[in-house]
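A.B. asks: Following this line is structure-v8.csv, made up of CSV, C-alpha atoms:
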```
chain,number,residue,atom,x,y,z
A,9,MET,CA,103.7,134.8,42.5
A,10,ILE,CA,100.3,135.7,44.0
A,11,LYS,CA,101.1,133.5,46.9
A,12,LYS,CA,104.4,135.3,47.5
A,13,ILE,CA,102.6,138.6,47.5
A,14,LYS,CA,99.9,137.3,49.9
A,15,ILE,CA,102.6,136.1,52.3
A,16,LEU,CA,104.4,139.4,52.2
A,17,ALA,CA,101.2,141.3,52.7
A,18,MET,CA,100.3,139.2,55.7
A,19,GLY,CA,103.8,139.7,57.2
A,20,LEU,CA,103.5,143.5,56.8
A,21,MET,CA,100.1,143.5,58.3
A,22,VAL,CA,101.2,141.5,61.3
A,23,ALA,CA,104.2,143.8,61.8
A,24,ALA,CA,102.0,146.9,61.5
A,25,LEU,CA,99.5,145.5,64.0
A,26,MET,CA,102.2,144.4,66.5
A,27,SER,CA,104.0,147.7,66.2
A,28,SER,CA,101.1,149.7,67.7
A,29,CYS,CA,100.5,147.2,70.6
A,30,ALA,CA,102.6,148.4,73.5
A,31,MET,CA,103.9,151.7,72.1
A,32,LEU,CA,104.8,154.8,74.0
A,33,THR,CA,102.5,157.8,73.4
A,34,LYS,CA,104.4,160.6,75.2
A,35,THR,CA,108.0,160.4,73.9
A,36,PRO,CA,109.1,163.0,71.3
A,37,VAL,CA,110.1,160.2,68.9
A,38,THR,CA,109.5,156.5,68.8
A,39,GLY,CA,111.1,153.5,67.1
A,40,VAL,CA,108.9,150.6,65.8
A,41,VAL,CA,111.5,148.0,66.8
A,42,TYR,CA,113.1,149.5,69.8
A,43,THR,CA,112.8,152.8,71.7
A,44,ASN,CA,114.8,154.2,74.6
A,45,ILE,CA,114.2,158.0,75.0
A,46,LYS,CA,114.9,160.5,77.7
A,47,SER,CA,113.3,163.9,77.4
A,48,PRO,CA,112.2,166.9,79.6
A,49,PHE,CA,108.8,167.0,81.1
A,50,ALA,CA,108.6,170.1,83.3
A,51,VAL,CA,110.7,172.7,85.1
A,52,THR,CA,110.0,175.2,87.9
A,53,SER,CA,111.7,178.2,89.3
A,54,ASN,CA,112.7,176.4,92.5
A,55,ALA,CA,116.5,176.7,92.9
A,56,VAL,CA,118.1,173.4,93.8
A,57,SER,CA,117.3,169.8,94.3
A,58,SER,CA,118.7,167.2,96.7
A,59,LYS,CA,116.1,164.4,96.3
A,60,VAL,CA,115.0,162.3,93.3
A,61,GLY,CA,111.7,160.3,93.1
A,62,THR,CA,110.4,158.1,90.4
A,63,ALA,CA,107.2,156.6,89.2
A,64,GLU,CA,106.5,154.3,86.3
A,65,VAL,CA,103.8,152.5,84.2
A,66,THR,CA,104.2,149.4,82.1
A,67,SER,CA,102.3,147.9,79.2
A,68,VAL,CA,102.5,144.3,78.0
A,69,LEU,CA,101.4,143.6,74.3
A,70,GLY,CA,99.1,146.6,74.5
A,71,ILE,CA,96.7,144.4,76.4
A,72,PHE,CA,97.6,145.1,80.0
A,73,ALA,CA,98.8,148.5,81.2
A,74,THR,CA,99.3,149.2,84.9
A,75,GLY,CA,101.1,151.6,87.2
A,76,ASP,CA,101.1,155.1,88.5
A,77,ALA,CA,103.5,157.5,86.7
A,78,SER,CA,102.0,160.6,88.3
A,79,ILE,CA,104.1,163.4,89.7
A,80,GLU,CA,102.4,162.8,93.0
A,81,ALA,CA,103.6,159.2,93.1
A,82,ALA,CA,107.1,160.2,92.3
A,83,THR,CA,107.3,163.0,94.8
A,84,LYS,CA,105.8,160.7,97.5
A,85,SER,CA,108.5,158.0,96.8
A,86,ALA,CA,111.3,160.4,97.9
A,87,GLY,CA,109.4,162.7,100.3
A,88,ILE,CA,109.8,165.7,97.9
A,89,THR,CA,107.7,168.8,98.8
A,90,LYS,CA,109.3,171.3,96.4
A,91,ILE,CA,109.8,170.3,92.8
A,92,HIS,CA,112.8,171.6,90.8
A,93,HIS,CA,112.3,169.8,87.5
A,94,VAL,CA,110.8,166.6,86.0
A,95,ASP,CA,112.3,164.3,83.3
A,96,GLU,CA,110.7,161.4,81.5
A,97,GLU,CA,112.0,158.2,80.0
A,98,GLY,CA,110.3,155.8,77.6
A,99,THR,CA,111.3,152.3,76.6
A,100,SER,CA,109.5,149.9,74.3
A,101,VAL,CA,110.5,146.7,72.6
A,102,LEU,CA,108.7,145.8,69.3
A,103,GLY,CA,105.3,146.5,70.8
A,104,PHE,CA,105.6,143.6,73.2
A,105,PHE,CA,106.7,145.6,76.2
A,106,ALA,CA,106.7,149.3,77.0
A,107,LYS,CA,107.6,151.3,80.1
A,108,TYR,CA,107.2,155.0,80.8
A,109,LYS,CA,109.0,156.5,83.8
A,110,ILE,CA,109.2,160.0,85.3
A,111,TYR,CA,112.0,161.3,87.5
A,112,VAL,CA,111.1,164.2,89.8
A,113,TYR,CA,114.0,166.3,91.2
A,114,GLY,CA,113.3,168.5,94.2
A,115,GLU,CA,113.8,168.9,98.0
B,2,MET,CA,111.3,126.3,41.1
B,3,PHE,CA,109.7,124.4,44.0
B,4,THR,CA,112.9,124.7,46.0
B,5,ALA,CA,113.0,128.5,45.4
B,6,ASN,CA,109.4,128.8,46.6
B,7,LYS,CA,110.1,126.8,49.7
B,8,GLN,CA,113.2,128.9,50.5
B,9,PHE,CA,111.2,132.1,49.9
B,10,LYS,CA,108.5,130.9,52.3
B,11,ARG,CA,111.0,129.9,54.9
B,12,ALA,CA,112.6,133.4,54.6
B,13,CYS,CA,109.2,135.1,55.0
B,14,LEU,CA,108.4,133.0,58.0
B,15,ALA,CA,111.8,133.6,59.6
B,16,CYS,CA,111.7,137.3,59.1
B,17,PRO,CA,109.6,138.3,62.1
B,18,PHE,CA,111.6,136.0,64.4
B,19,PHE,CA,114.8,137.7,63.0
B,20,ILE,CA,113.4,141.1,63.9
B,21,ILE,CA,112.4,139.9,67.4
B,22,PHE,CA,115.9,138.4,67.9
B,23,CYS,CA,117.6,141.6,66.8
B,24,SER,CA,115.4,143.7,69.0
B,25,VAL,CA,116.1,141.5,72.0
B,26,LEU,CA,119.8,141.6,71.2
B,27,ALA,CA,119.7,145.4,70.9
B,28,TYR,CA,117.9,145.7,74.2
B,29,SER,CA,120.2,143.3,76.1
B,30,SER,CA,123.3,145.0,74.7
B,31,THR,CA,122.1,148.4,75.7
B,32,ALA,CA,121.1,146.9,79.1
B,33,GLN,CA,124.8,146.6,79.9
B,34,ASN,CA,125.2,150.3,79.3
B,35,ILE,CA,125.6,151.8,82.8
B,36,SER,CA,123.7,154.9,82.0
B,37,ARG,CA,120.6,152.8,82.5
B,38,PHE,CA,121.5,152.6,86.2
B,39,TYR,CA,121.9,156.2,87.1
B,40,LYS,CA,120.8,159.7,86.4
B,41,SER,CA,122.7,162.9,87.1
B,42,SER,CA,121.7,166.6,87.5
B,43,ILE,CA,124.0,169.6,88.0
B,44,GLN,CA,123.1,171.5,91.1
B,45,GLY,CA,125.1,174.7,91.4
B,46,SER,CA,128.6,173.7,92.4
B,47,SER,CA,127.8,170.0,93.0
B,48,VAL,CA,126.1,167.2,91.1
B,49,LEU,CA,123.1,165.2,92.2
B,50,TYR,CA,123.3,161.5,91.3
B,51,TYR,CA,120.4,159.0,91.4
B,52,VAL,CA,121.5,155.4,91.3
B,53,MET,CA,119.1,152.5,90.6
B,54,PRO,CA,120.8,149.2,91.6
B,55,GLU,CA,117.9,147.1,90.3
B,56,MET,CA,118.4,144.6,93.1
B,57,LYS,CA,115.6,142.8,94.9
B,58,PHE,CA,116.2,141.2,98.3
B,59,THR,CA,113.6,138.7,99.5
B,60,ASN,CA,112.6,136.6,102.4
B,61,ILE,CA,111.1,133.5,100.8
B,62,GLN,CA,109.5,132.1,104.0
B,63,LYS,CA,107.7,135.3,104.8
B,64,GLY,CA,107.2,136.4,101.2
B,65,SER,CA,108.5,139.9,101.9
B,66,THR,CA,110.6,141.9,99.4
B,67,PHE,CA,113.1,144.8,99.7
B,68,PHE,CA,114.5,147.1,97.0
B,69,PHE,CA,116.2,150.4,97.2
B,70,ASP,CA,117.7,153.4,95.3
B,71,ILE,CA,120.6,155.7,96.2
B,72,THR,CA,120.6,159.5,95.9
B,73,TYR,CA,123.9,161.3,96.4
B,74,LEU,CA,124.8,165.0,96.2
B,75,THR,CA,128.5,165.3,95.7
B,76,ALA,CA,128.8,168.2,98.2
B,77,ASN,CA,127.9,165.7,101.0
B,78,ASP,CA,129.8,162.8,102.5
B,79,SER,CA,126.7,160.7,103.0
B,80,ALA,CA,124.2,159.2,100.5
B,81,THR,CA,120.5,158.7,100.9
B,82,VAL,CA,119.2,155.2,100.5
B,83,ASN,CA,115.5,155.2,100.0
B,84,PHE,CA,114.1,151.7,100.3
B,85,SER,CA,110.8,149.9,99.8
B,86,TYR,CA,109.8,147.0,102.0
B,87,ILE,CA,106.7,145.0,101.1
B,88,ASP,CA,105.2,142.6,103.6
B,89,ASN,CA,101.9,141.1,104.7
B,90,SER,CA,102.0,142.9,108.0
B,91,ILE,CA,102.8,146.5,109.1
B,92,ARG,CA,106.3,147.0,110.5
B,93,GLN,CA,107.5,150.2,112.1
B,94,ILE,CA,111.2,150.0,110.9
B,95,ASP,CA,113.7,151.8,113.0
B,96,SER,CA,117.0,150.8,111.3
B,97,ILE,CA,118.4,148.7,108.6
B,98,PHE,CA,121.7,146.8,108.3
B,99,PHE,CA,123.7,145.6,105.4
B,100,VAL,CA,125.2,142.4,106.9
B,101,LEU,CA,128.5,141.2,105.5
B,102,LYS,CA,130.7,138.3,106.7
B,103,ASP,CA,133.0,140.5,108.8
B,104,LYS,CA,131.0,143.6,109.5
B,105,LYS,CA,127.6,145.4,109.4
B,106,LEU,CA,126.7,148.7,107.9
B,107,SER,CA,123.8,150.2,109.9
B,108,SER,CA,121.7,153.3,109.7
B,109,SER,CA,118.5,154.5,111.4
B,110,SER,CA,115.5,154.8,109.2
B,111,ARG,CA,113.0,157.6,108.7
B,112,LYS,CA,109.5,156.8,107.6
B,113,ILE,CA,108.3,158.4,104.3
B,114,PHE,CA,105.0,156.6,104.1
B,115,ILE,CA,103.2,153.2,104.7
B,116,GLU,CA,100.2,152.3,102.5
B,117,PRO,CA,98.3,149.2,101.6
B,118,GLN,CA,99.1,147.5,98.3
B,119,LYS,CA,96.4,145.0,97.5
B,120,ALA,CA,96.6,142.5,100.4
B,121,ARG,CA,100.0,143.6,101.5
B,122,TRP,CA,101.6,146.7,103.0
B,123,TYR,CA,104.1,148.9,101.2
B,124,HIS,CA,106.6,150.6,103.4
B,125,ARG,CA,108.8,153.4,102.1
B,126,TYR,CA,111.7,154.6,104.3
B,127,SER,CA,114.9,156.6,104.0
B,128,SER,CA,118.3,156.0,105.6
B,129,GLU,CA,121.7,157.7,105.3
B,130,PHE,CA,124.9,155.8,104.6
B,131,SER,CA,128.5,157.0,104.0
B,132,PHE,CA,129.2,157.1,100.3
B,133,ILE,CA,132.6,155.4,100.8
B,134,ASP,CA,131.0,152.6,102.8
B,135,LEU,CA,128.5,152.0,100.0
B,136,LEU,CA,131.2,151.9,97.4
B,137,ALA,CA,133.1,149.3,99.5
B,138,LEU,CA,129.9,147.4,100.0
B,139,PHE,CA,129.1,147.0,96.2
B,140,ALA,CA,132.8,146.4,95.4
B,141,GLN,CA,133.0,143.2,97.4
B,142,GLU,CA,132.2,139.8,95.9
B,143,ASN,CA,130.2,138.2,98.7
B,144,ARG,CA,126.5,139.1,98.6
B,145,PRO,CA,125.3,140.9,101.7
B,146,GLU,CA,122.0,140.3,103.6
B,147,ILE,CA,119.6,143.0,104.6
B,148,LEU,CA,118.5,143.1,108.3
B,149,ILE,CA,115.5,145.1,109.0
B,150,SER,CA,115.0,146.0,112.6
B,151,SER,CA,111.8,147.1,114.2
B,152,LYS,CA,110.0,147.0,117.6
B,153,SER,CA,108.2,143.9,116.6
B,154,GLY,CA,111.5,142.1,115.8
B,155,SER,CA,114.0,141.8,113.0
B,156,GLU,CA,114.0,140.1,109.6
B,157,ILE,CA,116.7,139.0,107.2
B,158,LEU,CA,116.3,139.3,103.4
B,159,GLU,CA,118.7,137.8,100.8
B,160,ILE,CA,119.5,138.4,97.2
B,161,LYS,CA,120.3,135.8,94.5
B,162,PRO,CA,124.1,135.4,94.0
B,163,GLY,CA,123.9,135.9,90.2
B,164,VAL,CA,121.8,139.0,90.6
B,165,TRP,CA,124.3,140.5,93.1
B,166,LYS,CA,127.3,139.6,91.0
B,167,ARG,CA,125.9,141.1,87.9
B,168,ASN,CA,124.3,144.3,89.3
B,169,ALA,CA,126.9,145.0,92.0
B,170,ALA,CA,129.6,145.2,89.3
B,171,ILE,CA,127.6,147.8,87.4
B,172,VAL,CA,126.7,149.8,90.5
B,173,THR,CA,130.4,149.7,91.5
B,174,ARG,CA,131.3,151.3,88.2
B,175,VAL,CA,128.7,153.9,88.6
B,176,LEU,CA,129.8,154.8,92.2
B,177,MET,CA,133.5,154.8,91.1
B,178,MET,CA,132.6,157.1,88.3
B,179,ILE,CA,130.9,159.4,90.8
B,180,LYS,CA,134.0,159.2,93.1
B,181,LEU,CA,136.4,160.1,90.3
B,182,SER,CA,134.2,162.9,89.0
B,183,LYS,CA,134.0,164.3,92.5
B,184,GLU,CA,137.8,164.4,93.0
B,185,LYS,CA,139.4,167.6,92.0
```
Mind turning the file's structure into structure tokens?
C.D. replies:
Amino acid sequence: MIKKIKILAMGLMVAALMSSCAMLTKTPVTGVVYTNIKSPFAVTSNAVSSKVGTAEVTSVLGIFATGDASIEAATKSAGITKIHHVDEEGTSVLGFFAKYKIYVYGE
Amino acid sequence: MFTANKQFKRACLACPFFIIFCSVLAYSSTAQNISRFYKSSIQGSSVLYYVMPEMKFTNIQKGSTFFFDITYLTANDSATVNFSYIDNSIRQIDSIFFVLKDKKLSSSSRKIFIEPQKARWYHRYSSEFSFIDLLALFAQENRPEILISSKSGSEILEIKPGVWKRNAAIVTRVLMMIKLSKEK
């Protein structure tokens, strides 16, 4: 009986540790097993948009995290000089892999 | 009793792998959802679509890569193809071609920026293609090649057949959805 409890406790501890490895920190809600969220980031008073630029960062196991998800990188990718609004998207799978991406709309 | 303990141990050991399997299954099943490949935003009387084909063309000998995205405002006839070209050397690209068996789709390119990326150079350019031509391009089964033309010469990049077959079908659905939504 004690052995069963020990095995269960170990399993829960591993799951808890792994769940915080590559997790998203900026989405409104997150799922321990799987997350795929789209949410608003910013909006301006500029009227319309005809271009879309993106920028993303990724994390693997919470050990390596790289990328540039700045608004500057996203606007540069599409040649945007006037921003209309910005949306964000977060994806994570069981703490093994996480990706955060922003979409900048403008002209 | 020993059998019950062994079964319980096997179940406890298999549980994490079951969770991993379910999460991978969930991710792969949602990966086929086409909403992952496009974004849309209403702009007055038209809609702005951003399509991410998730296709990478490569030149294995030179080690260069090419990937692109499509932006289309339904009020227009042409779509903007912004592309990234990564190579060991700097290339002033003046036009790109989608090369098919029987024809070529070509467009002049406008530079957005060129910057170093570690030991290589990251080129970001923009071209305009007819939306109808792009729809026809992705709808066809044969994979196209990309021809990059510059003053220093031209280069051909290819895509894996499986990648083209899988992703082109999804992009075709997205573009068809845009075409149908645009029609009054």
A.B. asks: As a list of chain:residue names, could you give me every residue of chain A near chain B (at most 8 Å apart, counting all atoms listed in the file)?
C.D. replies: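 Those within range of chain B come out as A:Lys12, A:Ile15, A:Leu16, A:Gly19, A:Ala23, A:Val41, A:Tyr42, A:Val56, A:Ser57, A:Ser58, A:Lys59, A:Val60, A:Lys84, A:Ser85, A:Ala86, A:Gly87, A:Val101, A:Leu102.
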A.B. asks: Give me the residues within 12 Å of Phe72 (chain A) as JSON, numbers by chain, counting all atoms listed in the file and dropping any in the same chain fewer than 4 places off.
C.D. replies: {"A": [29, 30, 65, 66, 67, 68, 104, 105, 106, 107]}
A.B. asks: What does the distance between CA of Thr89 (chain A) and CA of Ala55 (chain A) come to in Å, to one decimal place?
C.D. replies: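 Between CA of Thr89 (chain A) and CA of Ala55 (chain A) the gap works out to 13.2 Å.
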A.B. asks: Figure out the distance between CA of Pro48 (chain A) and CA of Val175 (chain B), please, to one decimal in Å.
C.D. replies: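 So the two atoms, CA of Val175 (chain B) and CA of Pro48 (chain A), lie 22.9 Å apart.
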A.B. asks: Enter the distance from CA of Glu96 (chain A) to CA of Tyr108 (chain A), in Å, rounded to one decimal.
C.D. replies: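 Calculated distance between CA of Glu96 (chain A) and CA of Tyr108 (chain A) is 7.3 Å.
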